[in-house]
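Data first, discussion second: the structure below is written as structure tokens.
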Amino acid sequence: MAEIVELKKVLEELRTEKKRKFVQTVDLIVNLQNYDARKEALNTFMNVPHPSEKNICAFLTKRSKLLPTIIEDDFSKYKEKKQMKNLAEEYDFFIAVAPMMSKIATKFGRILGPMGKMPSPQGGIIVKEDEETINAMMTKLTKMIRIRNKEASIKIAVGKEDMKDEELIENIQELMKQIEKKLPRGKENIKDALVKFTMTKPIKFIDNKKK
């Protein structure tokens, strides 16, 4: 596990880079070794202690004042694949009321599925669409990060650059711990780990690469 001091130095170095006109995302990149992504790919959710703001949209039978909503009458607006892809890229998570799932899968599944954004029982499907239920799911999703890889590398947004270093370090360490537990051979599968901001080069803080 990376030392706090090492991660602190990495974040301090990243913050010396040229400032951008937007708040950059902080990414964790974990490269794997002795790992077959075709057989051992991860597809799971993990929680972080310090969540960052998430863009969430809902598929519901009626409009909600709590978040952007797509009702069945809106489906006709998404005739082209590009329109559906733009929708998927705009949001981090999608909530859906259970009775709509088959129609959502038919209409949007070919886009949301491969992008890992289809609502699921673990993260997104609700049985009621009252404010309390929607709020509870939004709170849950805000703390969640989806881990999904198709190659021997995992890239995860762990927060935003305007968060405190201590919060980012705790998020990174918690995710490293959970990833290690999910990998078939644990720490042995981790070749190296790096951190970057959206527009910076990645900086390594773990290196287990076999010589």
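Each chain of the structure tokens is named A, B, ... in the order shown, its residues numbered from 1; ligands are numbered from 1 in display order.
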- Item | DSSP alpha helix (DSSP H) residues within segment 38-211 of chain A, as a PyMOL selection string | chain A and resi 38-40+81-90+101-112+131-143+165-182
For the selection just defined, write its residues with C-alpha atoms to a file, as a PDB file, in the first residue's frame.
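As a result, selection.pdb now contains:
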ATOM      1  CA  ARG A  38     -10.782 -11.709 -20.724  1.00  0.00           C
ATOM      2  CA  LYS A  39     -11.322 -14.104 -17.807  1.00  0.00           C
ATOM      3  CA  GLU A  40     -10.700 -11.944 -14.729  1.00  0.00           C
ATOM      4  CA  LYS A  81     -27.206   6.417 -31.745  1.00  0.00           C
ATOM      5  CA  LYS A  82     -25.226   9.659 -31.390  1.00  0.00           C
ATOM      6  CA  GLN A  83     -28.052  11.262 -29.383  1.00  0.00           C
ATOM      7  CA  MET A  84     -28.118   8.332 -26.966  1.00  0.00           C
ATOM      8  CA  LYS A  85     -24.333   8.346 -26.665  1.00  0.00           C
ATOM      9  CA  ASN A  86     -24.345  12.077 -25.860  1.00  0.00           C
ATOM     10  CA  LEU A  87     -26.928  11.401 -23.166  1.00  0.00           C
ATOM     11  CA  ALA A  88     -24.825   8.594 -21.692  1.00  0.00           C
ATOM     12  CA  GLU A  89     -21.693  10.746 -21.660  1.00  0.00           C
ATOM     13  CA  GLU A  90     -23.494  13.621 -19.934  1.00  0.00           C
ATOM     14  CA  MET A 101     -36.289  -1.519 -17.044  1.00  0.00           C
ATOM     15  CA  SER A 102     -37.312  -3.736 -19.973  1.00  0.00           C
ATOM     16  CA  LYS A 103     -38.217  -0.698 -22.107  1.00  0.00           C
ATOM     17  CA  ILE A 104     -35.019   1.104 -21.088  1.00  0.00           C
ATOM     18  CA  ALA A 105     -32.947  -1.962 -22.002  1.00  0.00           C
ATOM     19  CA  THR A 106     -34.654  -2.213 -25.404  1.00  0.00           C
ATOM     20  CA  LYS A 107     -34.191   1.462 -26.240  1.00  0.00           C
ATOM     21  CA  PHE A 108     -30.915   2.427 -24.543  1.00  0.00           C
ATOM     22  CA  GLY A 109     -29.260  -0.881 -23.641  1.00  0.00           C
ATOM     23  CA  ARG A 110     -26.939  -1.027 -26.657  1.00  0.00           C
ATOM     24  CA  ILE A 111     -25.410   2.301 -25.547  1.00  0.00           C
ATOM     25  CA  LEU A 112     -25.653   2.261 -21.747  1.00  0.00           C
ATOM     26  CA  GLU A 131     -38.717  11.710  -3.109  1.00  0.00           C
ATOM     27  CA  GLU A 132     -37.385   9.730  -0.144  1.00  0.00           C
ATOM     28  CA  THR A 133     -36.479   6.708  -2.295  1.00  0.00           C
ATOM     29  CA  ILE A 134     -34.915   8.839  -5.034  1.00  0.00           C
ATOM     30  CA  ASN A 135     -32.907  10.864  -2.507  1.00  0.00           C
ATOM     31  CA  ALA A 136     -31.633   7.703  -0.843  1.00  0.00           C
ATOM     32  CA  MET A 137     -30.450   6.270  -4.169  1.00  0.00           C
ATOM     33  CA  MET A 138     -28.802   9.560  -5.172  1.00  0.00           C
ATOM     34  CA  THR A 139     -26.909   9.625  -1.863  1.00  0.00           C
ATOM     35  CA  LYS A 140     -25.812   6.027  -2.391  1.00  0.00           C
ATOM     36  CA  LEU A 141     -24.634   6.650  -5.959  1.00  0.00           C
ATOM     37  CA  THR A 142     -22.705   9.781  -4.964  1.00  0.00           C
ATOM     38  CA  LYS A 143     -20.459   7.615  -2.784  1.00  0.00           C
ATOM     39  CA  ASP A 165      -5.239  16.367  -0.526  1.00  0.00           C
ATOM     40  CA  GLU A 166      -6.162  14.390   2.589  1.00  0.00           C
ATOM     41  CA  GLU A 167      -9.559  13.506   1.111  1.00  0.00           C
ATOM     42  CA  LEU A 168      -8.057  12.425  -2.214  1.00  0.00           C
ATOM     43  CA  ILE A 169      -5.406  10.339  -0.429  1.00  0.00           C
ATOM     44  CA  GLU A 170      -8.050   8.556   1.663  1.00  0.00           C
ATOM     45  CA  ASN A 171     -10.122   7.854  -1.468  1.00  0.00           C
ATOM     46  CA  ILE A 172      -7.100   6.485  -3.335  1.00  0.00           C
ATOM     47  CA  GLN A 173      -5.965   4.303  -0.448  1.00  0.00           C
ATOM     48  CA  GLU A 174      -9.470   2.921   0.100  1.00  0.00           C
ATOM     49  CA  LEU A 175      -9.851   2.067  -3.588  1.00  0.00           C
ATOM     50  CA  MET A 176      -6.414   0.444  -3.737  1.00  0.00           C
ATOM     51  CA  LYS A 177      -7.363  -1.691  -0.755  1.00  0.00           C
ATOM     52  CA  GLN A 178     -10.669  -2.754  -2.337  1.00  0.00           C
ATOM     53  CA  ILE A 179      -9.120  -3.408  -5.763  1.00  0.00           C
ATOM     54  CA  GLU A 180      -6.446  -5.583  -4.178  1.00  0.00           C
ATOM     55  CA  LYS A 181      -9.152  -7.678  -2.506  1.00  0.00           C
ATOM     56  CA  LYS A 182     -11.038  -8.112  -5.787  1.00  0.00           C
TER      57      LYS A 182
END
- Exercise: Lys155 of chain A partners within 9 Å, only C-alpha atoms, chain neighbours under 6 positions left out, as an NGL selection string: :A and (27-31 or 147-149)
- Please identify all polymer residues within 12 Å of Glu13 of chain A, counting only C-alpha atoms, omitting same-chain residues fewer than 6 positions from it, and present them as an NGL selection string. :A and (6-7 or 165 or 195-197 or 200-205)
- Task: Apply DSSP to the structure's backbone, then extract all residues of segment 3-129 of chain A labelled strand (DSSP E) and return them as a PyMOL selection string.
- Result: chain A and resi 25-32+43-47+56-59+69-70+93-97+125-126
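For the pair atom CA of Glu72 of chain A and atom CA of Ile95 of chain A, the separation is 13.9 Å.
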